[in-house]
Amino acid sequence: MNIILSHSSGEPIYVQIEKQIRQCIMQGMLKPGDPLPSIRQLARNLGISVITTKRAYNELENQGLIDSIVGRGSFVSGSNMEMIREQRLRWVEDKVRELLEECRNIPLDVNELIEMIKLLDREES
């Protein structure tokens with residue numbers, strides 16, 4: 001997990017951290033049970049306050065995306081898999097909308113797109 005902070009974005013640092021970790025979870029880069037860096041370690045790595053990192057972790061915990069266990073650390077939650085699946089499906093839907101828009105600009109018929117997807121899937125398998 002590689003978190004990149006922008007001090008010029010106008011978005012609070014804790015929000016940037018929370019969004020990037022959430023994205024890693026939603027995209028499946030972080031799986032249920034995977035440990036997150038300790039709050040102190042992440043703060044040290046990013047050169048920011050422990051309070052800022054803790055706030056980001058608290059937001060993720062409030063969303064049900066991570067579980068924090070005193071003395072053990074923070075882990076990607078496995079208890080909220082249906083919510084994670086729904087959010088991932090929403091992400092896929094957004095990508096499909098972008099793809100359909102691009103197909104309209106080419107133009108490429110939806111049936112041609114479906115055939116292209118099937119062909120690529122066979123090649124990948």
# chains A, B, ... in the order shown; residues from 1 in each chain; ligands from 1
$ residues_around --residues "stretch 3-11 of chain A" --least-positions-apart "3" --cutoff "9 Å" --atoms "only C-alpha atoms" --output "PyMOL selection string"
chain A and resi 14-17+20-21+46
$ write_last_selection --atoms "N, CA, C and O atoms" --output "compact mmCIF listing (two decimals), in the first residue's frame"
# COMPACT_ATOMS: atom_id res chain seq x y z
N TYR A 14 -6.03 13.60 6.67
CA TYR A 14 -6.67 12.37 7.14
C TYR A 14 -7.67 11.83 6.12
O TYR A 14 -7.83 10.61 5.98
N VAL A 15 -8.33 12.72 5.38
CA VAL A 15 -9.28 12.30 4.35
C VAL A 15 -8.54 11.63 3.20
O VAL A 15 -8.98 10.61 2.67
N GLN A 16 -7.40 12.19 2.82
CA GLN A 16 -6.60 11.59 1.75
C GLN A 16 -6.17 10.17 2.13
O GLN A 16 -6.24 9.25 1.31
N ILE A 17 -5.73 10.00 3.37
CA ILE A 17 -5.31 8.68 3.84
C ILE A 17 -6.50 7.72 3.84
O ILE A 17 -6.42 6.61 3.32
N GLN A 20 -7.55 6.68 0.29
CA GLN A 20 -6.62 5.77 -0.39
C GLN A 20 -6.66 4.37 0.20
O GLN A 20 -6.60 3.38 -0.54
N ILE A 21 -6.79 4.27 1.51
CA ILE A 21 -6.91 2.94 2.12
C ILE A 21 -8.24 2.31 1.72
O ILE A 21 -8.30 1.12 1.38
N LEU A 46 4.83 8.74 6.64
CA LEU A 46 4.26 9.86 5.88
C LEU A 46 4.75 11.22 6.38
O LEU A 46 4.48 12.24 5.75
$ closest_atom_pairs --of "stretch 8-59 of chain A" --to "stretch 69-79 of chain A" --cutoff "6 Å" --atoms "only C-alpha atoms" --output "JSON lines"
{"residue": "A:Pro32", "atom": "CA", "partner": "A:Gly78", "partner_atom": "CA", "distance": 4.6}
{"residue": "A:Gly33", "atom": "CA", "partner": "A:Val76", "partner_atom": "CA", "distance": 5.1}
{"residue": "A:Asp34", "atom": "CA", "partner": "A:Val76", "partner_atom": "CA", "distance": 5.4}
{"residue": "A:Pro35", "atom": "CA", "partner": "A:Phe75", "partner_atom": "CA", "distance": 4.3}
{"residue": "A:Leu36", "atom": "CA", "partner": "A:Ser74", "partner_atom": "CA", "distance": 5.5}
$ select_by_dssp --residues "stretch 46-90 of chain A" --states "alpha helix (DSSP H)" --output "compact mmCIF listing (two decimals) with N, CA, C and O atoms, in the first residue's frame"
# COMPACT_ATOMS: atom_id res chain seq x y z
N LEU A 46 4.83 8.74 6.64
CA LEU A 46 4.26 9.86 5.88
C LEU A 46 4.75 11.22 6.38
O LEU A 46 4.48 12.24 5.75
N VAL A 50 0.61 11.62 14.48
CA VAL A 50 -0.09 10.39 14.87
C VAL A 50 -1.58 10.67 14.98
O VAL A 50 -2.40 9.82 14.63
N ILE A 51 -1.94 11.84 15.44
CA ILE A 51 -3.35 12.22 15.58
C ILE A 51 -4.05 12.19 14.23
O ILE A 51 -5.19 11.72 14.12
N THR A 52 -3.38 12.67 13.19
CA THR A 52 -3.96 12.68 11.85
C THR A 52 -4.19 11.26 11.35
O THR A 52 -5.26 10.94 10.82
N THR A 53 -3.20 10.41 11.56
CA THR A 53 -3.33 9.01 11.13
C THR A 53 -4.43 8.31 11.91
O THR A 53 -5.24 7.58 11.34
N LYS A 54 -4.50 8.57 13.21
CA LYS A 54 -5.53 7.95 14.05
C LYS A 54 -6.92 8.38 13.58
O LYS A 54 -7.84 7.56 13.54
N ARG A 55 -7.06 9.62 13.19
CA ARG A 55 -8.35 10.10 12.71
C ARG A 55 -8.78 9.36 11.43
O ARG A 55 -9.94 9.00 11.28
N ALA A 56 -7.82 9.14 10.53
CA ALA A 56 -8.12 8.40 9.30
C ALA A 56 -8.56 6.97 9.63
O ALA A 56 -9.55 6.47 9.09
N TYR A 57 -7.84 6.30 10.55
CA TYR A 57 -8.18 4.95 10.94
C TYR A 57 -9.55 4.92 11.62
O TYR A 57 -10.33 3.99 11.39
N ASN A 58 -9.85 5.93 12.44
CA ASN A 58 -11.16 6.00 13.09
C ASN A 58 -12.28 6.10 12.06
O ASN A 58 -13.34 5.47 12.21
N GLU A 59 -12.06 6.89 11.02
CA GLU A 59 -13.06 7.03 9.95
C GLU A 59 -13.30 5.67 9.27
O GLU A 59 -14.44 5.29 9.02
N LEU A 60 -12.21 4.96 8.98
CA LEU A 60 -12.33 3.65 8.34
C LEU A 60 -13.03 2.65 9.25
O LEU A 60 -13.82 1.83 8.79
N GLU A 61 -12.75 2.74 10.54
CA GLU A 61 -13.39 1.85 11.49
C GLU A 61 -14.89 2.17 11.59
O GLU A 61 -15.73 1.26 11.62
N ASN A 62 -15.25 3.46 11.60
CA ASN A 62 -16.65 3.86 11.64
C ASN A 62 -17.42 3.39 10.41
O ASN A 62 -18.61 3.15 10.47
N MET A 81 -18.41 -7.73 4.53
CA MET A 81 -18.11 -8.10 3.15
C MET A 81 -19.21 -7.69 2.18
O MET A 81 -18.92 -7.32 1.04
N GLU A 82 -20.46 -7.74 2.60
CA GLU A 82 -21.55 -7.37 1.69
C GLU A 82 -21.47 -5.88 1.34
O GLU A 82 -21.65 -5.51 0.18
N MET A 83 -21.14 -5.03 2.32
CA MET A 83 -21.00 -3.60 2.04
C MET A 83 -19.81 -3.36 1.11
O MET A 83 -19.88 -2.58 0.17
N ILE A 84 -18.71 -4.07 1.37
CA ILE A 84 -17.54 -3.93 0.51
C ILE A 84 -17.87 -4.38 -0.91
O ILE A 84 -17.52 -3.72 -1.88
N ARG A 85 -18.59 -5.49 -1.03
CA ARG A 85 -18.98 -5.98 -2.35
C ARG A 85 -19.85 -4.95 -3.07
O ARG A 85 -19.66 -4.68 -4.25
N GLU A 86 -20.81 -4.37 -2.36
CA GLU A 86 -21.68 -3.36 -2.96
C GLU A 86 -20.88 -2.15 -3.44
O GLU A 86 -21.12 -1.63 -4.53
N GLN A 87 -19.94 -1.71 -2.64
CA GLN A 87 -19.13 -0.57 -3.04
C GLN A 87 -18.25 -0.91 -4.24
O GLN A 87 -18.06 -0.08 -5.12
N ARG A 88 -17.74 -2.13 -4.27
CA ARG A 88 -16.93 -2.56 -5.42
C ARG A 88 -17.79 -2.65 -6.67
O ARG A 88 -17.35 -2.28 -7.76
N LEU A 89 -19.03 -3.13 -6.53
CA LEU A 89 -19.94 -3.18 -7.67
C LEU A 89 -20.23 -1.78 -8.19
O LEU A 89 -20.29 -1.56 -9.41
N ARG A 90 -20.42 -0.85 -7.28
CA ARG A 90 -20.64 0.55 -7.67
C ARG A 90 -19.43 1.08 -8.45
O ARG A 90 -19.59 1.80 -9.45
$ atom_distance --atom1 "atom CA of A:Ile25" --atom2 "atom CA of A:Ser38"
16.7 Å
